[in-house]
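Engineer: Pasting a structure below so you can have a look.
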Amino acid sequence: KKTIEIGVFTVYSLLLTALSIPDDGKVGRITAIDIDQHTHEMGLPVIEKAGVEHKINFIESKALPVLDKLLEDPENEGCFDFAYVNSKNYHERLMKLVKIDGVVVYDNVLRRGFVAMPEELVSGEEWKQERQWVIELTSSSNRPQIL
Ligand SMILES: C[S@@+](CC[C@H](N)C(=O)[O-])C[C@H]1O[C@@H](n2cnc3c(N)ncnc32)[C@H](O)[C@@H]1O
């Protein structure tokens, strides 16, 4: 019901979330953050056509300050059911904001398939670290679920 999306771009995934959550009459159930308002505006006509604009609270900003601001209010801890994100930089904060039985979806984490390869086939320290992070993240039993 209550979701957060970091990195909206031209609203492809945001539209799907907005169509999927129930329309319970409450506005702004999706907190959508992007540093670039222009790409969001490109997708806005589609959001309007789908009739889901009222569900979205778009914030033009870098994501970290918004997440920190949310966490200043203890009532926001564990308040999100779902998060959609494509960078590991927000992980620690999202673990506080998303409820215990919530779901965090990481987009773009297959990292050129490196996560499925033996480490010796992965070239570059940065990619090795990314690979290791994804493996640890997805094999941990921590809640919320990481998809
Ligand atoms: C790969 S796109 C997101 C794709 C989108 N989720 C979709 O399904 O189409 C990444 C987006 O992250 C945004 N972005 C990059 N750095 C950011 C930051 N520090 N805070 C918020 N948004 C950021 C970019 O402006 C870009 O729109």
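Ordering of the structure tokens sets the chain letters (A, B, ...); residue numbers start at 1 within each chain; ligands are numbered from 1 in the order shown.
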Name all residues at most 9 Å from Asn86 (chain A) (count only C-alpha atoms; drop same-chain ones fewer than 3 positions away) and give them as number ranges by chain.

Structural biologist: A: 6-7, 89-90, 105-109

Engineer: Quick one: which chain A residues come within 9 Å of ligand 1, and what is the nearest atom pair for each with the distance in Å to one decimal, counting only C-alpha atoms and all ligand atoms, rows ordered by chain and ascending number, as a Markdown table?

Structural biologist:
| residue | atom | partner | partner_atom_place_in_ligand_line | distance |
| --- | --- | --- | --- | --- |
| A:Glu5 | CA | ligand 1 | 6 (N) | 7.4 |
| A:Ile6 | CA | ligand 1 | 21 (C) | 5.7 |
| A:Gly7 | CA | ligand 1 | 12 (O) | 3.2 |
| A:Val8 | CA | ligand 1 | 5 (C) | 4.6 |
| A:Phe9 | CA | ligand 1 | 27 (O) | 3.2 |
| A:Thr10 | CA | ligand 1 | 9 (O) | 5.6 |
| A:Val11 | CA | ligand 1 | 9 (O) | 5.4 |
| A:Tyr12 | CA | ligand 1 | 9 (O) | 4.3 |
| A:Ser13 | CA | ligand 1 | 8 (O) | 3.9 |
| A:Leu14 | CA | ligand 1 | 8 (O) | 6.7 |
| A:Leu15 | CA | ligand 1 | 8 (O) | 8.8 |
| A:Leu16 | CA | ligand 1 | 8 (O) | 9.0 |
| A:Ile33 | CA | ligand 1 | 21 (C) | 5.6 |
| A:Asp34 | CA | ligand 1 | 22 (N) | 3.6 |
| A:Ile35 | CA | ligand 1 | 22 (N) | 4.5 |
| A:Asp36 | CA | ligand 1 | 25 (O) | 4.8 |
| A:Gln37 | CA | ligand 1 | 25 (O) | 8.0 |
| A:His38 | CA | ligand 1 | 25 (O) | 9.0 |
| A:Thr39 | CA | ligand 1 | 27 (O) | 6.5 |
| A:His40 | CA | ligand 1 | 27 (O) | 7.6 |
| A:Glu60 | CA | ligand 1 | 21 (C) | 7.7 |
| A:Ser61 | CA | ligand 1 | 21 (C) | 6.0 |
| A:Lys62 | CA | ligand 1 | 20 (N) | 3.6 |
| A:Ala63 | CA | ligand 1 | 20 (N) | 3.9 |
| A:Leu64 | CA | ligand 1 | 20 (N) | 6.8 |
| A:Pro65 | CA | ligand 1 | 20 (N) | 8.9 |
| A:Val66 | CA | ligand 1 | 20 (N) | 9.0 |
| A:Tyr84 | CA | ligand 1 | 6 (N) | 7.4 |
| A:Val85 | CA | ligand 1 | 6 (N) | 7.0 |
| A:Asn86 | CA | ligand 1 | 1 (C) | 6.8 |
| A:Ser87 | CA | ligand 1 | 16 (N) | 8.5 |
| A:Asn89 | CA | ligand 1 | 19 (N) | 8.8 |
| A:Asp107 | CA | ligand 1 | 6 (N) | 7.4 |
| A:Asn108 | CA | ligand 1 | 1 (C) | 7.8 |

Engineer: Residues as selected, C-alpha atoms, written as a tab-separated table (two decimals), in the first residue's frame, can you do that?

Structural biologist:
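Generated output (selection-v1.tsv):
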chain	number	residue	atom	x	y	z
A	5	GLU	CA	10.91	4.38	-5.39
A	6	ILE	CA	14.39	5.81	-5.78
A	7	GLY	CA	15.36	6.64	-9.36
A	8	VAL	CA	12.13	7.19	-11.27
A	9	PHE	CA	13.52	8.14	-14.70
A	10	THR	CA	10.65	8.15	-17.25
A	11	VAL	CA	8.24	6.41	-14.79
A	12	TYR	CA	8.17	2.92	-16.30
A	13	SER	CA	8.42	1.08	-12.98
A	14	LEU	CA	6.61	3.86	-11.11
A	15	LEU	CA	3.58	3.44	-13.38
A	16	LEU	CA	3.45	-0.28	-12.65
A	33	ILE	CA	12.48	10.41	-5.68
A	34	ASP	CA	14.71	11.44	-8.55
A	35	ILE	CA	17.42	14.08	-8.96
A	36	ASP	CA	16.08	14.86	-12.42
A	37	GLN	CA	12.54	16.22	-12.65
A	38	HIS	CA	12.69	16.45	-16.46
A	39	THR	CA	12.70	12.71	-17.08
A	40	HIS	CA	9.82	12.36	-14.64
A	60	GLU	CA	13.07	16.15	-6.97
A	61	SER	CA	16.18	15.56	-4.89
A	62	LYS	CA	19.13	13.36	-4.27
A	63	ALA	CA	17.74	10.36	-2.46
A	64	LEU	CA	19.94	10.22	0.63
A	65	PRO	CA	18.79	13.51	2.20
A	66	VAL	CA	15.15	12.53	1.64
A	84	TYR	CA	12.07	-0.21	-5.63
A	85	VAL	CA	15.66	0.87	-5.95
A	86	ASN	CA	18.67	0.45	-8.19
A	87	SER	CA	21.65	1.30	-6.03
A	89	ASN	CA	23.77	3.12	-1.42
A	107	ASP	CA	16.76	-3.33	-10.18
A	108	ASN	CA	19.96	-3.83	-12.22

Engineer: So which residues touch Thr3 (chain A) within 9 Å, counting only C-alpha atoms, skipping near sequence neighbours fewer than 3 positions away, as a PyMOL selection string?

Structural biologist: chain A and resi 17+21+29-32+79-84+98

Engineer: Pick out the residues sitting within 9 Å of Asp23 (chain A), and hand them over as a PyMOL selection string; count only C-alpha atoms, and ignore anything fewer than 3 positions along from it in its own chain.

Structural biologist: chain A and resi 1+18-20+26-27+52+55

Engineer: What is the CA of Val115 (chain A)-CA of Arg131 (chain A) distance in Å, reported with one decimal?

Structural biologist: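 About the pair CA of Val115 (chain A) and CA of Arg131 (chain A): they are 4.9 Å apart.
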
Engineer: What are the DSSP alpha helix (DSSP H) residues of region 19-57 of chain A, as a list in words?

Structural biologist: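 Reading the DSSP output for region 19-57 of chain A, alpha helix (DSSP H) covers Leu19, Ser20, Gln37, His38, Thr39, His40, Glu41, Met42, Gly43, Leu44, Pro45, Val46, Ile47, Glu48, Lys49 and Ala50 of chain A.
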
Engineer: Would you compute the distance between CA of Leu110 (chain A) and CA of His91 (chain A)? Give it in Å to one decimal.

Structural biologist: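 Rounded to one decimal, the two atoms are 16.2 Å apart.
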
Engineer: When distances are computed from only C-alpha atoms, which of A:Glu136, A:Glu120, A:Glu92, A:Glu41 shows the smallest separation from Phe58 (chain A)?

Structural biologist: A:Glu41

Engineer: Have a look at A:Arg93, A:Val46, A:Ser139, A:Lys99 and name the one nearest to Leu67 (chain A); count only C-alpha atoms.

Structural biologist: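 Among the listed residues, the smallest separation from Leu67 (chain A) belongs to A:Arg93.
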
Engineer: Per DSSP on the backbone, filter chain A down to the residues in strand (DSSP E or B) and report them as a PyMOL selection string.

Structural biologist: chain A and resi 3-6+30-34+56-60+80-85+98-106+145-146

Engineer: Could you write those residues out with C-alpha atoms, as an mmCIF file, in the first residue's frame?

Structural biologist:
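Written file, result_25.cif:
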data_model
loop_
_atom_site.group_PDB
_atom_site.id
_atom_site.type_symbol
_atom_site.label_atom_id
_atom_site.label_comp_id
_atom_site.auth_asym_id
_atom_site.auth_seq_id
_atom_site.Cartn_x
_atom_site.Cartn_y
_atom_site.Cartn_z
ATOM 1 C CA THR A 3 5.859 2.392 -1.300
ATOM 2 C CA ILE A 4 9.066 4.239 -2.075
ATOM 3 C CA GLU A 5 10.911 4.375 -5.388
ATOM 4 C CA ILE A 6 14.392 5.806 -5.785
ATOM 5 C CA ILE A 30 4.121 6.347 -3.325
ATOM 6 C CA THR A 31 7.152 8.430 -2.420
ATOM 7 C CA ALA A 32 9.036 8.804 -5.713
ATOM 8 C CA ILE A 33 12.475 10.410 -5.685
ATOM 9 C CA ASP A 34 14.715 11.440 -8.554
ATOM 10 C CA ILE A 56 2.402 9.675 -6.287
ATOM 11 C CA ASN A 57 4.343 12.170 -4.223
ATOM 12 C CA PHE A 58 7.270 13.069 -6.487
ATOM 13 C CA ILE A 59 10.303 14.673 -4.838
ATOM 14 C CA GLU A 60 13.073 16.146 -6.970
ATOM 15 C CA PHE A 80 6.786 1.186 3.817
ATOM 16 C CA ASP A 81 5.475 -2.089 2.404
ATOM 17 C CA PHE A 82 7.603 -1.981 -0.722
ATOM 18 C CA ALA A 83 10.700 -0.256 -2.090
ATOM 19 C CA TYR A 84 12.069 -0.210 -5.630
ATOM 20 C CA VAL A 85 15.663 0.873 -5.951
ATOM 21 C CA VAL A 98 10.591 -0.893 5.070
ATOM 22 C CA LYS A 99 8.523 -3.039 7.402
ATOM 23 C CA ILE A 100 9.691 -6.448 8.590
ATOM 24 C CA ASP A 101 7.521 -8.377 6.133
ATOM 25 C CA GLY A 102 7.956 -5.827 3.352
ATOM 26 C CA VAL A 103 9.717 -6.277 0.033
ATOM 27 C CA VAL A 104 12.701 -4.441 -1.441
ATOM 28 C CA VAL A 105 13.251 -4.857 -5.177
ATOM 29 C CA TYR A 106 16.710 -4.096 -6.472
ATOM 30 C CA GLN A 145 12.728 -9.828 1.606
ATOM 31 C CA ILE A 146 15.248 -8.734 -1.009
#

Engineer: One number please: CA of Met42 (chain A) to CA of Leu97 (chain A), in Å, one decimal.

Structural biologist: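 Atom-to-atom, CA of Met42 (chain A) to CA of Leu97 (chain A), that is 28.6 Å.
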